[in-house]
Amino acid sequence: MKFAEYLNKLIDTQKMSVNELADSAGVNAGHLSRVLAGKRPTPGPKTLKKIAIALGADYEQLLEEAGYLDLKLGKKLSVETKQPKSLELFMLHNEVVFRQVLLSEGQKKLFLRIIQAVVCNDDK
């Protein structure tokens with residue numbers, strides 16, 4: 001199923017108009033209409049987060065339908081996974097979702113400090 005079809009079904013399920021969704025999500029109604037018609041590319045994760053909240057939809061499922069995640073494999077599709085990656089660089093240069101919440105820059109830095117404390121613990 002194409003993303004536009006999936007999003008249209010979600011909107012229909014919520015019995016919302018495109019304008020109501022756009023207003024609620026804080027996105028441009030014309031742009032959203034063109035996305036739904038398949039005339040514009042899939043919105044980015046930040047916009048999808050707003051849409052998910054407005055629809056009361058599962059953000060990670062929306063990301064998967066949009067092609068940003070593969071929940072079955074548990075990985076972000078746009079990230080090459082063959083070579084080990086720096087978690088710090090990944091978190092600082094990508095949008096990161098934890099339990100369906102898009103982390104802010106401050107939250108990502110705090111998360112990294114916590115991980116550093118655990119990894120660098122001198123307990124022997």
# chains A, B, ... in the order shown; residues from 1 in each chain; ligands from 1
call {"tool": "residues_around", "arguments": {"residues": "Phe98 of chain A", "least_positions_apart": "3", "cutoff": "10 Å", "atoms": "only C-alpha atoms", "output": "compact mmCIF listing (two decimals) with N, CA and C atoms, in the first residue's frame"}}
result
# COMPACT_ATOMS: atom_id res chain seq x y z
N GLU A 60 5.40 5.30 15.25
CA GLU A 60 6.34 4.35 14.64
C GLU A 60 5.69 3.62 13.46
N VAL A 101 8.12 8.65 21.14
CA VAL A 101 8.35 10.07 21.40
C VAL A 101 9.60 10.50 20.64
N LEU A 102 9.46 11.54 19.83
CA LEU A 102 10.60 12.09 19.11
C LEU A 102 11.44 12.88 20.10
N LEU A 103 12.70 12.46 20.30
CA LEU A 103 13.55 13.11 21.29
C LEU A 103 14.05 14.47 20.80
N LYS A 108 18.32 13.97 23.65
CA LYS A 108 19.33 13.08 23.06
C LYS A 108 20.66 13.22 23.79
call {"tool": "select_by_dssp", "arguments": {"residues": "chain A", "states": "helix (DSSP H, G or I)", "output": "PyMOL selection string"}}
result
chain A and resi 3-13+18-25+29-36+45-55+59-66+87-93+105-119
call {"tool": "atom_distance", "arguments": {"atom1": "atom CA of Ala4 of chain A", "atom2": "atom CA of Ala37 of chain A"}}
result
6.7 Å
call {"tool": "residues_around", "arguments": {"residues": "Leu112 of chain A", "least_positions_apart": "6", "cutoff": "12 Å", "atoms": "only C-alpha atoms", "output": "list in words"}}
result
Ser86, Leu87, Glu88, Leu89, Phe90, Met91, Leu92, Val96, Leu103, Glu105, Gly106, Val118, Val119 and Cys120 of chain A
call {"tool": "select_by_dssp", "arguments": {"residues": "chain A", "states": "strand (DSSP E or B)", "output": "VMD selection string"}}
result
chain A and resid 69 to 70 75 to 76 97 to 98 101 to 102
call {"tool": "write_last_selection", "arguments": {"atoms": "C-alpha atoms", "output": "short mmCIF file (atom, residue, chain, number, x, y, z; two decimals), in the first residue's frame"}}
result
data_model
loop_
_atom_site.label_atom_id
_atom_site.label_comp_id
_atom_site.auth_asym_id
_atom_site.auth_seq_id
_atom_site.Cartn_x
_atom_site.Cartn_y
_atom_site.Cartn_z
CA LEU A 69 11.45 2.34 9.69
CA ASP A 70 11.18 -1.39 9.36
CA LYS A 75 16.00 -0.74 12.14
CA LYS A 76 15.87 2.57 10.39
CA VAL A 97 12.31 8.03 18.59
CA PHE A 98 12.04 6.36 21.99
CA VAL A 101 8.35 10.07 21.40
CA LEU A 102 10.60 12.09 19.11
#
